[in-house]
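Asks: Please read through the structure below; I'll follow up with questions.
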Amino acid sequence: MPTISIKMPLYKPTNIKTEMYEQMQCSFSEAANLAIQTKQAEPKLKASELDKKLSHIALPTTTIQEARKLAVSHYQDWKKNHKTKGFPSFRKKIAIPFNNQNWRLRFDNGFLKLGIPTIEKGNLTADKYVPLKTNDYSLFGFIT
């Protein structure tokens with residue numbers, strides 16, 4: 001099944017949320033870079049062992065797993081084409097992918113809101129959801 005990526009901008013996140021998301025992006029990049037370097041040094045390392053080596057990074061477990069998956073994918077691509085490609089690395093801040101198990105949408109007080117794993121303490125509750133910028137097209141199909 002093909003992967004579908006959807007980018008939706010946040011609607012006026014607070015400065016605290018913006019700083020938190022930027023910190024998460026930096027930590028995600030750090031995890032992905034560490035994962036790809038570790039995979040190069042120890043190619044036979046299992047996913048669970050690689051996740052343990054990344055566990056000290058301040059990110060939710062699911063996000064660390066996404067960093068590992070991204071890194072391993074880039075490593076495998078490099079391994080196939082290393083004669084024509086340099087060894088991959090990730091920029092300081094990169095977008096964090098969330099799979100279908102890691103996010104929730106809700107419609108609340110006229111806003112489409114997104115809930116994702118963050119470095120905030122506690123479980124995902126309604127106050128941790130962040131509004132998204134929407135238009136009539138993006139809301140079509142959500143409001144029925």
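Please note that chains go A, B, ... in the order of the structure tokens, that every chain numbers its residues from 1, and that ligands are numbered from 1 in the order shown.
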For region 53-57 of chain A, list every protein, DNA or RNA residue within 8 Å, evaluated using only C-alpha atoms, and leave out those in the same chain fewer than 6 positions away; present the list as number ranges by chain.
Replies: A: 27, 31, 34-35, 64
Asks: Any chance you could export the current selection's C-alpha atoms as a PDB file, in the first residue's frame?
Replies:
ATOM      1  CA  SER A  27      15.722  15.777  18.779  1.00  0.00           C
ATOM      2  CA  ALA A  31      17.825  10.406  16.767  1.00  0.00           C
ATOM      3  CA  LEU A  34      22.471   8.561  15.604  1.00  0.00           C
ATOM      4  CA  ALA A  35      20.415   5.667  14.228  1.00  0.00           C
ATOM      5  CA  ILE A  64      11.972   7.434  18.281  1.00  0.00           C
TER       6      ILE A  64
END
Asks: Skip Leu10 (chain A) itself and residues of its chain fewer than 5 positions away, then list as JSON, numbers by chain all residues within 8 Å of it, counting only C-alpha atoms.
Replies: {"A": [130, 131, 132, 133]}
Asks: Please report as a Markdown table every residue of region 55-80 of chain A lying within 12 Å of region 102-113 of chain A, along with the nearest atom pair and their distance in Å (one decimal), using only C-alpha atoms.
Replies:
| residue | atom | partner | partner_atom | distance |
| --- | --- | --- | --- | --- |
| A:Pro60 | CA | A:Asn102 | CA | 10.3 |
| A:Thr61 | CA | A:Asn102 | CA | 10.5 |
| A:Thr62 | CA | A:Asn102 | CA | 7.2 |
| A:Thr63 | CA | A:Asn102 | CA | 8.5 |
| A:Ile64 | CA | A:Asn102 | CA | 11.8 |
| A:Gln65 | CA | A:Asn102 | CA | 11.0 |
| A:Glu66 | CA | A:Asn102 | CA | 10.0 |
Asks: Let me see the file: selected residues, N, CA and C atoms, as a CSV table (one decimal), in the first residue's frame.
Replies:
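The result, written out as part28.csv:
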chain,number,residue,atom,x,y,z
A,60,PRO,N,9.0,10.9,22.6
A,60,PRO,CA,8.1,9.7,22.9
A,60,PRO,C,8.6,8.5,22.1
A,61,THR,N,8.4,7.3,22.6
A,61,THR,CA,8.8,6.1,22.1
A,61,THR,C,8.4,5.9,20.6
A,62,THR,N,7.2,6.3,20.3
A,62,THR,CA,6.7,6.1,18.9
A,62,THR,C,7.5,7.0,18.0
A,63,THR,N,7.9,8.2,18.4
A,63,THR,CA,8.6,9.1,17.6
A,63,THR,C,10.1,8.6,17.4
A,64,ILE,N,10.6,8.0,18.4
A,64,ILE,CA,12.0,7.4,18.3
A,64,ILE,C,11.9,6.3,17.3
A,65,GLN,N,10.9,5.5,17.3
A,65,GLN,CA,10.7,4.4,16.3
A,65,GLN,C,10.6,5.0,14.9
A,66,GLU,N,9.9,6.1,14.7
A,66,GLU,CA,9.8,6.7,13.4
A,66,GLU,C,11.2,7.2,12.9
Asks: Output as a tab-separated table one row per residue of region 1-23 of chain A within 10 Å of region 74-98 of chain A: the closest atom pair and its distance in Å to one decimal place, counting only C-alpha atoms, sorted by chain and residue number ascending.
Replies:
residue	atom	partner	partner_atom	distance
A:Ser5	CA	A:Pro97	CA	8.5
A:Ile6	CA	A:Pro97	CA	9.8
A:Lys7	CA	A:Ala95	CA	9.8
A:Tyr21	CA	A:Ile96	CA	9.5
A:Glu22	CA	A:Lys93	CA	7.3
A:Gln23	CA	A:Lys93	CA	8.4
Asks: Taking 2 positions as the minimum chain separation for residues in the same chain, which residues sit within 10 Å of Thr118 (chain A) when counting only C-alpha atoms? Answer as a count of residues only.
Replies: 17
Asks: From region 37-130 of chain A, collect each residue whose DSSP state is helix (DSSP H, G or I) and return the set as a ChimeraX atom specification.
Replies: /A:37-41,47-54,61-81,126-128
Asks: Run DSSP on the backbone and give me the residues of region 14-134 of chain A it puts in strand (DSSP E), as a list in words.
Replies: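 So the strand (DSSP E) residues in region 14-134 of chain A would be Arg104, Leu105, Arg106, Phe107, Asp108, Phe111, Leu112, Lys113, Leu114, Gly115, Val130 and Pro131 of chain A.
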Asks: Store the residues picked out above, limited to C-alpha atoms, as a tab-separated table (two decimals), in the first residue's frame.
Replies:
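The resulting part-v6.tsv:
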chain	number	residue	atom	x	y	z
A	104	ARG	CA	-5.76	11.77	16.21
A	105	LEU	CA	-8.03	14.39	14.67
A	106	ARG	CA	-11.03	15.96	16.34
A	107	PHE	CA	-13.38	18.79	15.46
A	108	ASP	CA	-13.74	21.11	18.45
A	111	PHE	CA	-11.47	24.04	14.66
A	112	LEU	CA	-10.00	20.88	13.24
A	113	LYS	CA	-7.49	19.86	15.90
A	114	LEU	CA	-4.56	17.49	15.77
A	115	GLY	CA	-3.30	15.38	18.63
A	130	VAL	CA	-3.49	21.92	18.52
A	131	PRO	CA	-5.73	23.64	15.92
